[in-house]
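First comes the structure, then the notes that go with it.
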Amino acid sequence: MVLAGAAEIARFPAAAGLPLKRIRGQITRLKQTASSAELRTVVCAEGYVAPPRLGEHTLGASFDFHSQEVTPTAAEHASNLQLLEEISSDLAARLHSSELDPVSLQGRVAFRCTSPDYLPIIGPLADPQAFAAAYAALSKNARQVPDTPCPWLDGLYVNSGHGSRGLISAPLAGELLAAWLDNEPLPLPREVAEACHPNRFAVRQLSRGQ
Ligand SMILES: Cc1cc2nc3c(=O)[nH]c(=O)nc-3n(C[C@H](O)[C@H](O)[C@H](O)COP(=O)(O)OP(=O)(O)OC[C@H]3O[C@@H](n4cnc5c(N)ncnc54)[C@H](O)[C@@H]3O)c2cc1C
């Protein structure tokens, strides 16, 4: 089984100790105009604006590290319009952004799920208590390389923490998981796979003597 429910995987006891954070993001929907419809590609800077689909451009996206509110706010529509101005004043003019009232704009809110080191969390899960007991020696000497076998939770894997880049990292994560599952050669350098390993947080905690 692969836990792939973003921050919600913390509801499962085996994943509850993973340090996942939710970061709210809001996109704004903008009606296409005759001249904005000429846009053929996504344009990115701090934010991004996409070519029209079904008569609308998607503009985004805000970052809010504190709010868990799911309703779009006018303030974030306004900050998305500011992003649009910074992306391209020409596009902003084509979309008549200065005449738009943020209160009447439509949009959508969702949550990015990220980790403290901003790398995704991909791989097999160990039993948290048994792991802490098996590698307790690390809390006394972090340089040790214990040869105790890891208490894996057989058949349980995680794929989460893709942050703001999941559209790019998730497909590669799928390949990495398939390799972990089938005991195949990893599709990434070992250091990259280890940097994304779910056990890294528990190892760091033990190594800090906690
Ligand atoms: C506003 C915004 C803009 C973004 N822009 C970009 C971008 O431009 N480029 C980019 O690469 N990434 C972007 N991202 C990030 C990208 O969306 C995520 O990295 C990606 O969606 C992570 O994929 P995921 O499958 O891990 O999690 P999610 O896409 O969050 O999927 C998790 C799924 O699990 C389901 N779920 C949760 N709990 C349960 C349960 N108990 N049982 C069953 N199902 C459950 C949820 O309903 C959801 O469908 C953006 C995110 C946001 C919020």
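Following the order of the structure tokens, chains are lettered A, B, ..., residues in each are numbered from 1, and ligands are numbered from 1.
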
Counting only C-alpha atoms and all ligand atoms, name the residues that have an atom within 8 Å of an atom of ligand 1; the answer should be given as a ChimeraX atom specification. /A:4-9,11,23-27,48,60-63,108-113,159-170

Contacts of Val158 of chain A at 8 Å (only C-alpha atoms; same-chain gap of 5+ positions) as a list in words: Val2, Leu3, Ala4, Ile121, Ile122, Gly123, Pro124, Leu125 and Pro198 of chain A

Give the strand (DSSP E or B) residues of segment 7-189 of chain A, as assigned by DSSP on the backbone, as a short mmCIF file (atom, residue, chain, number, x, y, z; two decimals) with C-alpha atoms, in the first residue's frame.
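Wrote it out as part_3.cif, contents follow:
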```cif
data_model
loop_
_atom_site.label_atom_id
_atom_site.label_comp_id
_atom_site.auth_asym_id
_atom_site.auth_seq_id
_atom_site.Cartn_x
_atom_site.Cartn_y
_atom_site.Cartn_z
CA LYS A 21 3.35 21.06 6.57
CA ARG A 22 0.37 22.38 4.62
CA ILE A 23 0.82 25.58 2.62
CA ARG A 24 -2.32 27.23 1.35
CA GLY A 25 -2.42 28.40 -2.25
CA GLN A 26 -5.09 30.25 -4.21
CA ILE A 27 -5.52 30.54 -7.95
CA THR A 28 -7.57 33.21 -9.73
CA ARG A 29 -9.72 32.55 -12.80
CA LEU A 30 -9.66 35.32 -15.40
CA LYS A 31 -12.01 35.53 -18.37
CA VAL A 43 4.28 32.26 -18.71
CA CYS A 44 6.09 31.93 -15.37
CA TYR A 48 2.26 31.95 -13.61
CA VAL A 49 -0.54 32.56 -16.07
CA ARG A 53 -9.00 26.91 -21.46
CA GLU A 56 -10.57 31.29 -18.82
CA HIS A 57 -6.94 31.83 -17.85
CA THR A 58 -5.60 30.38 -14.60
CA LEU A 59 -3.45 32.80 -12.64
CA GLY A 60 -1.55 31.84 -9.54
CA ASP A 64 0.01 31.36 2.87
CA GLN A 106 -13.57 33.57 -8.86
CA GLY A 107 -10.84 31.16 -7.81
CA ARG A 108 -9.94 28.07 -5.91
CA VAL A 109 -7.91 27.18 -2.83
CA ALA A 110 -5.82 24.06 -2.24
CA PHE A 111 -2.94 22.98 -0.02
CA ARG A 112 0.60 22.10 -0.94
CA CYS A 113 2.16 19.49 1.31
CA THR A 114 5.79 20.03 2.07
CA ILE A 121 9.06 11.88 1.00
CA ILE A 122 9.22 8.72 -1.11
CA GLY A 123 9.87 5.16 -0.06
CA PRO A 124 9.21 2.38 2.45
CA LEU A 125 7.96 3.08 5.98
CA ALA A 126 9.41 1.65 9.17
CA TRP A 152 10.09 -2.15 7.96
CA LEU A 153 6.32 -2.21 7.91
CA ASP A 154 6.06 -4.85 5.24
CA GLY A 155 4.37 -3.58 2.08
CA LEU A 156 3.76 -0.02 3.36
CA TYR A 157 5.17 2.90 1.33
CA VAL A 158 4.74 6.64 1.20
CA ASN A 159 4.72 9.20 -1.61
CA SER A 160 4.12 12.71 -0.27
#
```

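Minimum atom-to-atom distances from A:Ala15, A:Leu177, A:Ala202, A:Leu54 to Gln32 of chain A were compared using only C-alpha atoms, and the lowest value belongs to A:Leu54.
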
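A straight line drawn from atom CA of Ser35 of chain A to atom CA of Gly55 of chain A is 12.3 Å long.
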
Atom CA of Glu86 of chain A to atom CA of Ala45 of chain A, straight-line distance in Å: 7.6 Å

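Taking atom CA of Val42 of chain A as the reference point, atom CA of Ala75 of chain A is found at 23.6 Å.
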
Members of segment 68-178 of chain A assigned helix (DSSP H, G or I) by DSSP, as an MDAnalysis selection string: chainID A and resid 74:87 89:94 97:99 102:104 128:134 136:139 166:178

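With distances restricted to only C-alpha atoms, A:Ser36 is the closest residue to His96 of chain A from A:Asp117, A:Ala136, A:Ser36, A:Ala193.
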
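If only C-alpha atoms are the atoms counted, then among A:Leu20, A:Leu181, A:Ala34, A:Leu84 the closest residue to Gly47 of chain A is A:Leu84.
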
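The residue that comes closest to Glu194 of chain A, out of A:His66, A:Leu176, A:Pro116, A:Pro102 and on the basis of only C-alpha atoms, is A:Leu176.
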